[in-house]
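J.: Please read through the structure below; I'll follow up with questions.
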Protein chains: 2
Amino acid sequence: MTGDKRIYLFDTTLRDGAQTQGVDFSVTDKAAIARILDGLGVDYIEGGWPGANPTDDAFFAEPPALTTARLVAFGMTRRPGRSAANDPGQAALTNSKAGAICLFGKAWDFQVDVALEIPRAENVDMIADSVTNALKHKSEAMFDAEHFFDGYKGNKSYALDCIKAAYEAGARWVILCDTNGGTLPHEIERIVGEVTAHIPGSHLGIHCHNDTENAVANSLAALKAGARQLQGTLNGLGERCGNANLVSLIPTLKLKTDFEIGVSHEQLCKLTGASRFLDELLNRAPALNAAYVGDSAFAHKGGVHVSAVEKDPRTYEHMEPALVGNQRHFVVSDQAGRANVLARFRELDIDVALDDKRLNALIDQVKAREFEGYAYDGADASFELLARRSFGGVPGFFKLTRFRIMDDRRWNARGELVTESEATVQIEIAGRQLMEVATGNGPVNALDNALRKALLPVYPALQDMRLADYKVRILTPQAGTGAVTRVMIESADKDGRRWTTVGVSPNIIDASFNALHDGITWKLIQEGAAAGGTLADSN
Amino acid sequence: MTGDKRIYLFDTTLRDGAQTQGVDFSVTDKAAIARILDGLGVDYIEGGWPGANPTDDAFFAEPPALTTARLVAFGMTRRPGRSAANDPGQAALTNSKAGAICLFGKAWDFQVDVALEIPRAENVDMIADSVTNALKHKSEAMFDAEHFFDGYKGNKSYALDCIKAAYEAGARWVILCDTNGGTLPHEIERIVGEVTAHIPGSHLGIHCHNDTENAVANSLAALKAGARQLQGTLNGLGERCGNANLVSLIPTLKLKTDFEIGVSHEQLCKLTGASRFLDELLNRAPALNAAYVGDSAFAHKGGVHVSAVEKDPRTYEHMEPALVGNQRHFVVSDQAGRANVLARFRELDIDVALDDKRLNALIDQVKAREFEGYAYDGADASFELLARRSFGGVPGFFKLTRFRIMDDRRWNARGELVTESEATVQIEIAGRQLMEVATGNGPVNALDNALRKALLPVYPALQDMRLADYKVRILTPQAGTGAVTRVMIESADKDGRRWTTVGVSPNIIDASFNALHDGITWKLIQEGAAAGGTLADSN
């Protein structure tokens with residue numbers, strides 16, 4: 001794996017990806033994404049810029065445990081007119097718990113003159129000093145040469161002086177950045193090729209932006225010319241038009257080239273899941289047309305295509321979707337629905353005969369519900385319940401007869417304006433009516449609390465279940481019908497299980513209740529609870 | 001304009017773009033898009049497949065008047081075992097009102113064997129006959145060689161036989177199609193280069209799909225190798241991952257290469273508008289990160305970037321946004337420094353001195369609030385209000401004294417289980433207390449309705465404002481603190497304005513109210529409303 005065809009993957013979702021408009025990672029988000037990246041087999045994870053903002057400080061103070069990936073701290077070269085050893089910015093980097101440091105600096109004379117307004121020689125010194133200083137504290141340092149391609153086009157010898165300063169000071173990698181994203185593939189290939197005459201390709205990296213929609217191709221062009229480190233982000237997050245998309249590059253490198261990467265075939269199967277995990281976390285709808293991982297990437301609509309694919313998938317597919325954890329999808333074919341549903345059943349250990357009539361009814365129900373706004377893709381637990389209900393396998397643990405919720409904004413005893421929610425529920429368990437009341441942070445939380453208060457004595461297994469995430473979307477109304485609300489609830493328990501359920505209704509509270517109901521029911525099935533619970537036992 | 005650097009643009013939004021999952025153009029849609037394409041200066045517009053469906057028949061029966069673009073009808077080569085002259089499919093093409101015909105057929109022996117199941121020589125005859133027949137009726141015919149690259153890799157001489165048959169029969173263009181989208185740029189460049197030994201590049205076209213996120217680069221690679229017709233779609237619509245995106249390719253060709261295209265600089269300025277027009281028509285949110293035309297394409301978030309762009313835009317922009325009808329945009333967030341905030345102020349026409357002490361206070365406030373869970377980079381209107389408030393420029397249009405919301409799930413008169421929400425609000429406007437009540441689909445909708453009921457008589461400008469999107473996230477609790485809810489509300493009015501506001505609170509209703517309050521306040525400022533509105537006037 002260390003031959004001259006080995007490409008080192010450097011992910012910067014947590015740093016350059018955080019520059020995306022509308023993206024704002026919390027510390028917990030960052031840790032979750034880092035674990036996903038580590039599981040995919042990337043070599044480096046750039047975690048952020050210690051010293052730049054409270055979130056990144058908190059992340060580096062307690063970084064997540066990684067199995068194979070190396071955590072990298074990003075930061076600027078030292079300030080002009082200071083020694084690197086006395087620069088507080090450098091200290092924030094060298095004191096962080098990251099295993100490596102990536103320093104960025106200018107490689108374009110125009111930037112040095114206009115943006116930094118310092119002598120060009122001082123900029124070269126800043127690069128060399130900062131790399132030397134970093135290597136006194138960490139075993140690995142690298143240099144992001146900002147605007148390298150624009151710099152090289154403008155003043156070739158100065159751009160080379162900048163990167164040679166970093167390399168000669170001991171930088172493991174010199175990364176050539178197309179910071180403004182305007183360079184085209186043939187230029188990248190030519191320039192990287194020329195640079196390898198000065199620094200070996202085994203020490204060169206490439207960092208591209210998608211401003212001309214060429215970030216993926218530019219990255220490939222640089223590798224073709226000899227670079228061996230590849231920087232990018234999950235789903236192509238990043239400032240302006242985004243960075244090179246690792247979700248597209250990883251399968252291309254693994255399946256279509258003779259390069260070697262640290263991602264195994266088993267890890268490659270997690271790619272679709274990783275991409276969708278990030279979208280979920282950002283509360284964004286995944287791009288249907290994403291290369292390799294999009295829901296439409298292996299979808300066949302045209303009749304000519306569908307019949308050919310049924311004869312042999314190679315007729316209209318460039319690769320096998322399962323290799324990246326995706327699946328084929330026939331937009332017009334009932335057969336396809338059947339195959340998908342059967343595949344899910346095998347996963348759930350539900351035994352169904354191929355010709356079972358209930359199967360068609362279930363497929364029709366899934367299609368009708370998805371048309372209404374349900375999304376079973378992201379709500380496995382709700383799909384499982386729907387399927388089990390079709391085959392009579394779900395006990396009626398409880399029935400909500402009615403609820404009433406009150407949200408009140410008023411002045412409390414201490415003279416503060418507070419908003420409080422209170423829910424009253426009436427539920428039926430094994431023929432008995434129970435009524436409870438509880439407060440909460442908003443109506444859904446109050447409803448959840450009241451439900452638990454009523455259910456816990458009967459189903460003590462619910463004790464360790466908690467609401468982990470709650471997401472709401474208003475779905476664009478179809479012509480003539482009103483808007484509906486889709487609620488997705490992720491629940492978790494202390495065994496580390498996480499499951500997602502979905503509810504849809506014109507009313508957000510009703511949609512939330514539907515999702516909560518599915519979440520509780522799924523948990524009770526896992527715990528092997530009997531309908532009526534301890535209440536029924538004591539009857 | 002007819003030198004050997006002239007590239008002919010062939011748009012297939014109305015044909016291959018119509019294969020996109022979820023896209024379903026009406027006849028009127030097609031005509032509107034064709035006029036937009038004609039106005040942009042593309043050379044060919046493929047309108048659809050006459051004879052294949054009623055929409056395309058109706059479109060070709062009465063095609064829109066075009067100024068410079070030529071309308072093309074698409075269809076299959078003749079059926080096996082028939083003469084082209086007696087094939088109803090060919091008649092539908094030759095009888096259409098299109099100026100040119102584009103015939104598609106196989107160029108891959110595997111497809112001929114497996115999908116068509118006919119002798120390979122018959123396939124070659126079908127191509128030649130159909131082109132010859134088309135030229136008896138139209139002045140221009142061309143041939144889309146489906147799966148050309150896979151065919152060439154599998155059986156070079158057969159693939160060449162297929163395209164030479166079309167060329168020798170008089171096809172003006174032979175288009176090399178990467179139908180499955182799996183070919184990489186270096187392969188495209190090599191293969192197209194080899195083909196030019198058999199058919200001159202001035203008669204070769206390229207048709208790429210985005211299955212590896214390389215459709216744009218593949219198209220450029222083919223042009224570099226000699227092809228002179230370029231097929232693609234607006235916004236990269238198309239089956240699976242889409243076709244090559246003309247919206248990215250047009251400015252690249254015009255501004256960054258020495259190729260010539262039929263698009264003038266005046267027409268190029270309409271590109272952003274054309275891209276967004278199509279999204280509007282499809283009722284899709286435009287991709288923020290689209291190359292050249294996205295709302296984020298020239299947005300600057302990082303503080304370092306913003307201060308440099310203010311000195312000279314070339315520091316972080318690969319081109320001038322106005323050239324494609326787009327604009328620069330400064331984003332405010334946790335990552336941002338003073339420079340972003342000042343730049344935003346200039347956009348908002350707020351005059352602030354560089355050393356104004358309130359500026360530091362505002363930046364600290366933004367950072368502190370983002371740490372609490374606010375996200376200003378997605379909520380420009382809330383940032384604007386925060387900023388204006390720091391400098392005393394926001395009138396107190398109204399004050400919510402209290403509200404009470406009740407959600408009730410009960411059996412209605414028809415015996416159905418319904419959930420209904422009712423909100424009571426008490427607000428103060430110019431010293432007067434008003435109270436109103438309204439129902440809605442859930443508590444937030446009821447609150448919104450009650451607020452409007454109270455505010456409309458005083459601020460009639462709110463009449464045309466509506467809630468366009470509502471998103472909720474529970475932010476994962478930081479160690480030791482409780483979870484908070486972030487609500488983002490997008491509002492819209494009939495002038496086509498859209499603005500986003502954010503609210504954060506432990507209570508979802510309170511968070512929603514904060515976002516609603518900002519949304520209403522922003523609208524009233526735009527409308528130049530006076531605090532107290534018509535009520536104050538009538539005092």
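Numbering starts fresh at 1 for the residues of each chain in the structure tokens, the chains themselves are lettered A, B, ... in the order given, and ligands are numbered from 1 as they appear.
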Range 422-434 of chain B: which residues within 7 Å, counting only C-alpha atoms, same-chain residues fewer than 2 positions away excluded, as a compact mmCIF listing (two decimals) with C-alpha atoms, in the first residue's frame?

T.:
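Just written: around39.txt:
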# COMPACT_ATOMS: atom_id res chain seq x y z
CA PHE B 397 -43.44 47.81 15.33
CA PHE B 398 -45.20 45.67 17.91
CA LYS B 399 -44.59 43.85 21.15
CA LEU B 400 -46.04 40.49 22.02
CA THR B 401 -47.23 40.69 25.60
CA ARG B 402 -48.46 37.11 25.87
CA PHE B 403 -49.81 34.22 23.90
CA ARG B 404 -51.59 31.01 24.71
CA ILE B 405 -51.83 28.14 22.25
CA MET B 406 -53.94 25.05 22.60
CA ASP B 407 -53.56 21.88 20.53
CA GLU B 420 -56.61 21.40 15.87
CA GLU B 436 -56.85 38.21 18.71
CA VAL B 437 -57.47 34.50 18.31
CA ALA B 438 -57.04 32.18 15.31
CA THR B 439 -56.74 28.48 14.47
CA GLY B 440 -54.11 26.76 12.33
CA PRO B 443 -49.28 25.77 17.04
CA ALA B 446 -52.06 29.22 14.58
CA LEU B 447 -49.70 31.74 16.22
CA ALA B 450 -53.36 35.19 15.12
CA LEU B 451 -50.45 37.62 14.82
CA ALA B 454 -53.90 41.50 14.93
CA GLY B 532 -47.62 52.16 15.05
CA ALA B 536 -50.69 55.49 15.08

J.: May I ask you to extract the residues of chain B within 6 Å of chain A, using only C-alpha atoms, and to give them as a ChimeraX atom specification?

T.: /B:115,180,182,211-214,217,240-241,289-291,296-299,308,316-318,377-378,402-410,441-442,471-474,507-509

J.: Just the number, please: distance in Å from CA of Ser139 in chain A to CA of Ala98 in chain A, one decimal.

T.: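 The value is 10.5 Å.
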
J.: Could you pull the residues within 12 Å of Ala353 in chain B, counting only C-alpha atoms, minus those fewer than 4 positions along the same chain, as a list in words?

T.: Arg338, Leu342, Phe345, Arg346, Lys357, Arg358, Leu359, Asn360 and Phe391 of chain B

J.: Once you have the residues from the selection above, write them out as a compact mmCIF listing (two decimals), in the first residue's frame, restricted to C-alpha atoms.

T.:
# COMPACT_ATOMS: atom_id res chain seq x y z
CA ARG B 338 -14.83 42.68 11.26
CA LEU B 342 -18.38 45.95 7.48
CA PHE B 345 -23.02 47.00 6.18
CA ARG B 346 -22.04 48.58 2.91
CA LYS B 357 -17.06 50.77 19.36
CA ARG B 358 -20.50 49.34 18.66
CA LEU B 359 -18.93 47.31 15.86
CA ASN B 360 -16.86 45.17 18.22
CA PHE B 391 -27.12 51.06 15.67

J.: From a DSSP pass on the backbone, collect the residues of range 222-417 of chain A flagged as strand (DSSP E or B) and hand them back as a PyMOL selection string.

T.: chain A and resi 229-233+243+245+260+299-300+329-330+399-411+417

J.: Write out as a list in words each polymer residue whose atoms come within 9 Å of range 87-95 of chain B, counting only C-alpha atoms; drop sequence neighbours fewer than 5 positions from it.

T.: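 The filter keeps Trp49, Pro50, Gly51, Ala52, Asp57, Ala73, Phe74, Gly75, Met76, Thr77, Arg78, Arg79, Arg82, Ala100, Ile101, Ser130, Asn133, Ala134, Leu135, Lys136, His137 and Lys138 of chain B.
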
J.: Out of range 102-264 of chain A, which residues get alpha helix (DSSP H) from DSSP, as a PyMOL selection string?

T.: chain A and resi 109-111+120-137+148-154+156-168+185-195+215-224+246-256

J.: By how many Å are CA of Glu168 in chain A and CA of Gly48 in chain A apart?

T.: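 The value is 25.6 Å.
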
J.: As an exercise, work out the distance from CA of Ser275 in chain B to CA of Leu40 in chain B in Å and give it to one decimal place.

T.: 10.8 Å

J.: Would you list the contacts of Arg497 in chain B as a PyMOL selection string, taking every protein, DNA or RNA residue within 10 Å and counting only C-alpha atoms, but skipping same-chain residues closer than 6 positions in sequence?

T.: chain B and resi 465+491+523

J.: Residues within 10 Å of Met126 in chain A, please, as a list in words. Count only C-alpha atoms; anything in the same chain fewer than 5 positions from it doesn't count.

T.: Met76, Thr77, Arg78, Arg79, Pro80, Gly81, Arg82, Ser83, Ala84, Gly105, Lys106, Ala121, Val131, Thr132, Cys162, Ala165 and Ala166 of chain A

J.: Report as a PyMOL selection string all protein, DNA and RNA residues lying within 10 Å of Ala379 in chain A, evaluated on only C-alpha atoms, omitting residues in the same chain fewer than 2 positions from it.

T.: chain A and resi 374-377+381-384+488-490+499-503+515

J.: Limited to all heavy atoms, could you put the picked residues into a file as a compact mmCIF listing (two decimals), in the first residue's frame?

T.:
# COMPACT_ATOMS: atom_id res chain seq x y z
N TYR A 374 -44.46 10.75 3.14
CA TYR A 374 -43.62 9.89 3.97
C TYR A 374 -42.30 9.64 3.26
O TYR A 374 -42.24 9.66 2.03
CB TYR A 374 -44.31 8.55 4.25
CG TYR A 374 -45.34 8.64 5.35
CD1 TYR A 374 -46.61 9.13 5.10
CD2 TYR A 374 -45.03 8.26 6.65
CE1 TYR A 374 -47.56 9.24 6.11
CE2 TYR A 374 -45.96 8.35 7.67
CZ TYR A 374 -47.23 8.84 7.39
OH TYR A 374 -48.15 8.94 8.40
N ALA A 375 -41.24 9.42 4.02
CA ALA A 375 -39.95 9.11 3.41
C ALA A 375 -39.38 7.94 4.19
O ALA A 375 -38.85 8.13 5.28
CB ALA A 375 -39.03 10.33 3.48
N TYR A 376 -39.54 6.75 3.63
CA TYR A 376 -39.12 5.57 4.38
C TYR A 376 -37.63 5.29 4.28
O TYR A 376 -37.07 4.57 5.09
CB TYR A 376 -39.94 4.34 3.95
CG TYR A 376 -41.34 4.42 4.49
CD1 TYR A 376 -42.41 4.74 3.68
CD2 TYR A 376 -41.58 4.23 5.85
CE1 TYR A 376 -43.69 4.85 4.19
CE2 TYR A 376 -42.85 4.33 6.37
CZ TYR A 376 -43.91 4.65 5.54
OH TYR A 376 -45.16 4.76 6.05
N ASP A 377 -37.00 5.90 3.24
CA ASP A 377 -35.55 5.81 3.09
C ASP A 377 -34.80 6.17 4.35
O ASP A 377 -33.84 5.52 4.73
CB ASP A 377 -35.09 6.88 2.08
CG ASP A 377 -35.00 6.32 0.71
OD1 ASP A 377 -35.47 5.19 0.54
OD2 ASP A 377 -34.47 7.02 -0.17
N ALA A 381 -37.10 2.42 10.92
CA ALA A 381 -37.94 1.83 11.96
C ALA A 381 -39.41 1.94 11.57
O ALA A 381 -40.18 1.00 11.77
CB ALA A 381 -37.68 2.51 13.30
N SER A 382 -39.80 3.07 10.96
CA SER A 382 -41.19 3.19 10.52
C SER A 382 -41.49 2.22 9.38
O SER A 382 -42.58 1.65 9.32
CB SER A 382 -41.50 4.63 10.07
OG SER A 382 -41.72 5.45 11.19
N PHE A 383 -40.51 2.03 8.48
CA PHE A 383 -40.75 1.04 7.41
C PHE A 383 -40.91 -0.36 8.00
O PHE A 383 -41.80 -1.11 7.61
CB PHE A 383 -39.61 1.04 6.39
CG PHE A 383 -39.77 -0.08 5.40
CD1 PHE A 383 -40.69 0.02 4.37
CD2 PHE A 383 -39.05 -1.27 5.54
CE1 PHE A 383 -40.89 -1.03 3.47
CE2 PHE A 383 -39.24 -2.31 4.65
CZ PHE A 383 -40.16 -2.19 3.62
N GLU A 384 -40.08 -0.68 8.95
CA GLU A 384 -40.15 -2.00 9.57
C GLU A 384 -41.53 -2.23 10.21
O GLU A 384 -42.13 -3.29 10.06
CB GLU A 384 -39.04 -2.14 10.62
CG GLU A 384 -39.04 -3.49 11.29
CD GLU A 384 -37.90 -3.64 12.30
OE1 GLU A 384 -36.91 -2.89 12.20
OE2 GLU A 384 -38.03 -4.52 13.18
N MET A 488 -39.35 13.94 11.35
CA MET A 488 -38.50 12.77 11.52
C MET A 488 -37.96 12.81 12.95
O MET A 488 -37.41 13.84 13.37
CB MET A 488 -37.30 12.79 10.58
CG MET A 488 -37.63 13.02 9.11
SD MET A 488 -38.10 11.53 8.20
CE MET A 488 -36.49 10.77 7.94
N ILE A 489 -38.13 11.73 13.67
CA ILE A 489 -37.63 11.68 15.05
C ILE A 489 -36.60 10.56 15.16
O ILE A 489 -36.86 9.42 14.74
CB ILE A 489 -38.79 11.45 16.04
CG1 ILE A 489 -39.60 12.74 16.14
CG2 ILE A 489 -38.26 11.03 17.42
CD1 ILE A 489 -40.75 12.68 17.13
N GLU A 490 -35.45 10.92 15.67
CA GLU A 490 -34.45 9.88 15.95
C GLU A 490 -34.47 9.63 17.45
O GLU A 490 -34.39 10.56 18.24
CB GLU A 490 -33.06 10.33 15.51
CG GLU A 490 -32.06 9.20 15.57
CD GLU A 490 -30.64 9.66 15.31
OE1 GLU A 490 -30.30 10.81 15.63
OE2 GLU A 490 -29.85 8.84 14.79
N TRP A 499 -32.74 4.80 16.26
CA TRP A 499 -33.71 4.45 15.22
C TRP A 499 -34.53 5.67 14.86
O TRP A 499 -34.77 6.53 15.70
CB TRP A 499 -34.58 3.28 15.65
CG TRP A 499 -35.43 3.47 16.87
CD1 TRP A 499 -36.76 3.73 16.90
CD2 TRP A 499 -34.99 3.41 18.24
NE1 TRP A 499 -37.19 3.84 18.20
CE2 TRP A 499 -36.14 3.65 19.05
CE3 TRP A 499 -33.78 3.18 18.88
CZ2 TRP A 499 -36.09 3.66 20.44
CZ3 TRP A 499 -33.73 3.19 20.27
CH2 TRP A 499 -34.87 3.43 21.03
N THR A 500 -34.92 5.73 13.59
CA THR A 500 -35.62 6.91 13.10
C THR A 500 -37.01 6.54 12.63
O THR A 500 -37.21 5.52 11.97
CB THR A 500 -34.82 7.55 11.95
OG1 THR A 500 -33.53 7.87 12.45
CG2 THR A 500 -35.48 8.82 11.46
N THR A 501 -37.95 7.39 13.00
CA THR A 501 -39.34 7.18 12.60
C THR A 501 -39.86 8.46 11.95
O THR A 501 -39.31 9.53 12.15
CB THR A 501 -40.19 6.81 13.83
OG1 THR A 501 -39.98 7.79 14.86
CG2 THR A 501 -39.79 5.45 14.38
N VAL A 502 -40.92 8.30 11.19
CA VAL A 502 -41.45 9.44 10.42
C VAL A 502 -42.95 9.58 10.66
O VAL A 502 -43.65 8.58 10.84
CB VAL A 502 -41.13 9.25 8.91
CG1 VAL A 502 -41.72 7.96 8.37
CG2 VAL A 502 -41.62 10.43 8.08
N GLY A 503 -43.41 10.81 10.69
CA GLY A 503 -44.84 11.09 10.76
C GLY A 503 -45.18 12.21 9.80
O GLY A 503 -44.39 13.14 9.63
N ALA A 515 -44.85 10.04 14.64
CA ALA A 515 -43.45 9.61 14.67
C ALA A 515 -43.07 9.10 16.07
O ALA A 515 -42.36 8.11 16.21
CB ALA A 515 -42.55 10.76 14.24
